[in-house]
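Okay, so here's the structure we're looking at.
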Amino acid sequence: MDPLRHDTSSQSVKDTSFEVEDVYEDDELTLQQSNGFAEADVFSLQEQQPTSRDDTKVAVDQKAPHRSSSPTHRLRLSLNERQLRAVTFPLQSQLQILAGPGTGKTKTLISRVIFLLSQGVHPSNIIVTTFTVKAANEMRERIAAMVGPSVASRLVLGTFHSIARRYLIKYGYLIGLPTGFQIADETDALHFIQSVMKEVDPESDKNDCRHARNAISNMKSRAIQPSSLSALEYTTQEMMQVYSLYQGKLAEANFLDFDDLLLKCMELLRTNPLVVSNIQAVLVDEFQDTNVVQYQLMKLFAARRSNITIVGDPDQSIYAFRAAESTNLMRMRQDFQDTSVVSLEENYRSSGHILNAALAVIQQDTERIQKTVLPNHDEGHMPVFFPARNPYIEARHIVKEIQRLIDLSCGMLKPHDFAILVRSARLTRPIESELTKAGIDYRIVGGFRFWEREEIKLLVNYLVVVKSRRSPALLDIINSPRRGIGSVMQAALLNHANAYQVPIWDAIQRAIDGQVRVNAKVRSSLKQFVDIITEAERLVQDSSRETPLADALDYLITALDYKEALRKDRGDTWAARWENVTDLKEHIRYFCATAPDPELPDIDGVEGTKAADDVLSRFLATVNLAPSEAESSAFDPTMVLTISTIHGSKGLEWPVVFIPGVYEGSIPHALSLAKEVDLAEERRLLYVAMTRAKGENI
DNA sequence: CTCGATGGGTTTTTT
DNA sequence: ACCCATCGAG
């Protein structure tokens, strides 16, 4: 027998299961259950939502033949007692599922969704929020595997941000939001802040801007308005002024930043609750990481029936720096006095020794609420502590250990069974170079994200300019690749734009037309630049093409001679960068071929805006909200090891986990040493990292 | 004016 | 390793 495989049949838990068959056929939901939770074996319910008229496209699955003769979607879930109780908890109530690491949290949440469907709740009347886009996609896939893609695709499922965006696109006009708003990513936001900061404090540098950006985002996450006086307890008059001016700039350019998406959606639902009147159930994953605004949004989503299920674990709250408040758990119990709590205590993931070590870390927090953890595995191996003199020795040791374990297990452990989890993205460097020396492939999640890479951002910014002629993006690309438009020329253009109150794009046009004095060389460069953009725009809008967006990108890359530019400019890293460009091309082709986000259901009595959602805007929104890495599929996925920040590792697990840099200054981070609340978060961070280890009964 | 070379100072975590 | 400020060459 495979000694590394966890043998589930030895579980002491009572196995309970239910099956869903032909769940969705012609608007009828059928559930078949066995030895499960209800007396009736089979019952079916009419799709009963009068407020939803999302019936036009239902026929997709109709070609599925009848139950008796067809292969049916069949699902068997084995749940333990607590999980089952949570899954089948009565509707029209509030439920908190407190689930420690490795207790089957996601499985329980998914099963609850299936349960709700089986109870006749229409999928488009269920909102499920997840913490990342990746988690949302995985969840949709797993649900689709059980109930079919047409049901799964109708769930309103995504991050708070992406769901908010969908509501705002459709109903934003109700609160006077201009159509076609754009989402400001981190770079855009910083650009705006920068220009505001210059006005307020000409001495300010980039670091001050970052600081301001964080401070403002934190206020917005708490729903503090720029006009709020009480905010002065937190921050300075000056900062509030920056905040206020920043909001002005955003509005002027028709931008919403991440926080605005949530705030505007909150405003929308407060003033127009009808918009979510169809919603029968709201489920929130990673509840301990929601901020106040998200909590309010959750309540607003559920305003009609107050049917709320949340899953969370205060011990894994690691986003307080982003204004997440795990006290939302208590807040919810106060707001909804009948809230029930189910704790999942059985840990199916880690060995006993690992759990004990992890608990020893987190129990140092005296404020913490004690929790029962029942290891389902044997004690297993002791975790190893290796004191290293410096990062290079540490990296070498880790890589040697990985090679040793692979050899020792006779290839049973493959590189993809290993993860290296770091506190800060930059700590990966020595490790990367050791891995490269050893010839082990790795991928990095979090940290240097695909979409944040310079070459990717540049090309995306070209697309942004093609779409909107947006000034921040325009300034980013105007001299990249180098075309002789230096900072002085840029300042001149900017000046002209400001003086005449026109967009920078127009200033460029005027320079070409000779209304602004420039020398011939610059003029021809500008002309060339403008031509490239207009030609790309023509391609994007050419509806006779199959993949206009991908074609436009190809054109841009060729016209810019981007490969050559990289080779010339980027020394030894140009090849890797070019590879990223190839990945981007592939990603866009794939994107062109994929279906858009499902539309929100129409609500009787509320006019929705038909999403004028062309490929390019959809793509750009995806880039902003879902900076997931584009999986480079070139190599064997089992031969790839994972490097991730601890934050990025949440919800994942590996047989072997290394946590480098566990020393004061790294974990806990130097910037967190001053305050006990921050230290507590660092402890939880280490706890999360340690509990990623999937213990095996060897 | 632009560009490339040179040298010094640096970085938490992210939707 | 990357970002920035500075400076001299074209």
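Each chain of the structure tokens is named A, B, ... in the order shown, its residues numbered from 1; ligands are numbered from 1 in display order.
Every protein or nucleic acid residue with an atom no more than 10 Å from DC3 (chain B), counting only C-alpha atoms (C1' of nucleotides) and leaving out same-chain residues fewer than 5 positions away, appears here: Arg482, Gly484 and Gly486 of chain A; DA9 and DG10 of chain C.
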Query raised in the report: Counting only C-alpha atoms (C1' of nucleotides), which residues of chain B come no farther than 10 Å from chain A, as a ChimeraX atom specification?
Result: /B:1-3,11-15
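Nearest-residue note for chain C: choosing from A:Ser644, A:Asn207, A:Asn278, A:Thr372, the minimum distance belongs to A:Asn207, counting only C-alpha atoms (C1' of nucleotides).
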**Report entry** Residue hits in chain A, query chain C, radius 12 Å, only C-alpha atoms (C1' of nucleotides), as a ChimeraX atom specification
**Finding:** /A:205-207,426-430,432-433,454,573
Requested in this report: Would you return as a ChimeraX atom specification the members of region 415-633 of chain A that DSSP assigns to alpha helix (DSSP H) on this structure's backbone?
Outcome: /A:428-438,454-468,471-477,487-500,504-513,520-541,548-559,562-569,574-593,615-625
Got time to write the residues from that selection, C-alpha atoms, as a short mmCIF file (atom, residue, chain, number, x, y, z; two decimals), in the first residue's frame?
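The result, written out as again.cif:
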```cif
data_model
loop_
_atom_site.label_atom_id
_atom_site.label_comp_id
_atom_site.auth_asym_id
_atom_site.auth_seq_id
_atom_site.Cartn_x
_atom_site.Cartn_y
_atom_site.Cartn_z
CA THR A 428 12.63 34.23 -2.29
CA ARG A 429 15.74 35.42 -4.02
CA PRO A 430 18.49 33.21 -2.53
CA ILE A 431 16.12 30.26 -2.69
CA GLU A 432 15.36 30.85 -6.33
CA SER A 433 19.00 30.89 -7.26
CA GLU A 434 19.73 27.67 -5.33
CA LEU A 435 16.77 25.95 -6.97
CA THR A 436 17.96 27.08 -10.36
CA LYS A 437 21.41 25.72 -9.64
CA ALA A 438 19.88 22.40 -8.62
CA GLU A 454 7.00 45.35 -15.99
CA GLU A 455 6.73 43.95 -19.49
CA ILE A 456 3.21 42.68 -18.90
CA LYS A 457 2.05 45.89 -17.33
CA LEU A 458 3.48 47.82 -20.23
CA LEU A 459 1.60 45.87 -22.86
CA VAL A 460 -1.58 45.96 -20.82
CA ASN A 461 -1.15 49.70 -20.53
CA TYR A 462 -0.89 49.90 -24.29
CA LEU A 463 -4.25 48.18 -24.42
CA VAL A 464 -5.60 50.58 -21.83
CA VAL A 465 -4.54 53.50 -23.99
CA VAL A 466 -6.00 51.86 -27.05
CA LYS A 467 -9.27 51.62 -25.19
CA SER A 468 -9.48 54.88 -23.31
CA SER A 471 -3.50 59.67 -19.12
CA PRO A 472 -1.71 57.67 -16.40
CA ALA A 473 -1.31 54.69 -18.68
CA LEU A 474 -0.37 56.97 -21.53
CA LEU A 475 2.50 58.46 -19.56
CA ASP A 476 3.66 54.98 -18.72
CA ILE A 477 4.00 53.90 -22.31
CA SER A 487 10.99 63.53 -19.10
CA VAL A 488 11.30 67.15 -20.21
CA MET A 489 9.14 66.59 -23.27
CA GLN A 490 6.66 64.68 -21.14
CA ALA A 491 6.52 67.51 -18.64
CA ALA A 492 5.89 69.93 -21.49
CA LEU A 493 3.00 67.84 -22.76
CA LEU A 494 1.61 67.54 -19.26
CA ASN A 495 1.93 71.28 -18.84
CA HIS A 496 0.10 71.98 -22.02
CA ALA A 497 -2.62 69.52 -21.07
CA ASN A 498 -3.06 71.22 -17.71
CA ALA A 499 -2.96 74.71 -19.09
CA TYR A 500 -5.60 74.05 -21.72
CA ILE A 504 -2.69 64.42 -22.66
CA TRP A 505 -3.70 62.57 -25.77
CA ASP A 506 -4.97 65.85 -27.23
CA ALA A 507 -1.79 67.60 -26.24
CA ILE A 508 0.11 65.02 -28.25
CA GLN A 509 -2.14 65.61 -31.24
CA ARG A 510 -1.51 69.33 -31.01
CA ALA A 511 2.22 68.75 -30.84
CA ILE A 512 2.00 66.78 -34.05
CA ASP A 513 -0.14 69.45 -35.68
CA ALA A 520 11.11 67.38 -35.91
CA LYS A 521 12.55 64.26 -34.36
CA VAL A 522 10.17 64.31 -31.43
CA ARG A 523 7.29 65.08 -33.72
CA SER A 524 7.91 62.09 -35.91
CA SER A 525 8.25 59.88 -32.83
CA LEU A 526 4.93 61.12 -31.55
CA LYS A 527 3.35 60.61 -34.92
CA GLN A 528 4.59 57.06 -35.05
CA PHE A 529 3.28 56.44 -31.56
CA VAL A 530 -0.16 57.80 -32.36
CA ASP A 531 -0.32 55.73 -35.53
CA ILE A 532 0.44 52.54 -33.64
CA ILE A 533 -2.30 53.23 -31.12
CA THR A 534 -4.90 54.08 -33.75
CA GLU A 535 -4.08 51.05 -35.84
CA ALA A 536 -4.37 48.80 -32.76
CA GLU A 537 -7.71 50.40 -32.01
CA ARG A 538 -8.90 49.70 -35.51
CA LEU A 539 -7.97 46.04 -35.07
CA VAL A 540 -9.75 45.74 -31.74
CA GLN A 541 -12.93 47.13 -33.21
CA PRO A 548 -9.59 41.08 -32.52
CA LEU A 549 -8.01 41.59 -29.12
CA ALA A 550 -5.34 38.97 -29.64
CA ASP A 551 -4.65 40.33 -33.10
CA ALA A 552 -4.27 43.83 -31.76
CA LEU A 553 -1.79 42.64 -29.17
CA ASP A 554 0.21 40.79 -31.79
CA TYR A 555 0.23 43.92 -33.88
CA LEU A 556 1.46 46.02 -30.97
CA ILE A 557 4.28 43.65 -30.19
CA THR A 558 5.41 43.62 -33.79
CA ALA A 559 4.99 47.32 -34.40
CA TYR A 562 9.24 44.68 -28.59
CA LYS A 563 11.42 41.62 -28.70
CA GLU A 564 14.35 43.67 -29.95
CA ALA A 565 13.66 46.39 -27.41
CA LEU A 566 13.80 43.86 -24.60
CA ARG A 567 16.97 42.33 -25.91
CA LYS A 568 18.66 45.69 -26.11
CA ASP A 569 17.35 47.12 -22.88
CA TRP A 574 15.40 39.67 -21.64
CA ALA A 575 14.68 36.03 -22.52
CA ALA A 576 12.61 35.43 -19.39
CA ARG A 577 10.74 38.64 -20.03
CA TRP A 578 10.04 37.70 -23.60
CA GLU A 579 8.68 34.41 -22.34
CA ASN A 580 6.25 36.34 -20.16
CA VAL A 581 5.13 38.22 -23.23
CA THR A 582 4.46 34.92 -24.96
CA ASP A 583 2.47 33.83 -21.92
CA LEU A 584 0.44 37.00 -22.15
CA LYS A 585 -0.33 36.34 -25.79
CA GLU A 586 -1.45 32.86 -24.92
CA HIS A 587 -3.50 34.14 -22.03
CA ILE A 588 -5.30 36.63 -24.26
CA ARG A 589 -6.06 34.05 -26.90
CA TYR A 590 -7.49 31.89 -24.17
CA PHE A 591 -9.45 34.79 -22.74
CA CYS A 592 -10.96 35.60 -26.14
CA ALA A 593 -12.22 32.05 -26.33
CA VAL A 615 -13.90 42.10 -24.92
CA LEU A 616 -11.32 44.72 -24.15
CA SER A 617 -13.10 46.24 -21.16
CA ARG A 618 -13.87 42.79 -19.85
CA PHE A 619 -10.27 41.82 -20.23
CA LEU A 620 -9.01 44.91 -18.46
CA ALA A 621 -11.45 44.41 -15.60
CA THR A 622 -10.23 40.85 -15.23
CA VAL A 623 -6.67 42.00 -15.13
CA ASN A 624 -7.43 44.44 -12.36
CA LEU A 625 -9.56 42.19 -10.22
#
```
Report task. Enumerate, as a ChimeraX atom specification, the complete set of residues in region 67-311 of chain A that a backbone-based DSSP assignment places in strand (DSSP E or B). Result -> /A:79,94-99,126-130,156-159,182-184,255-257,281-284,291,308-311
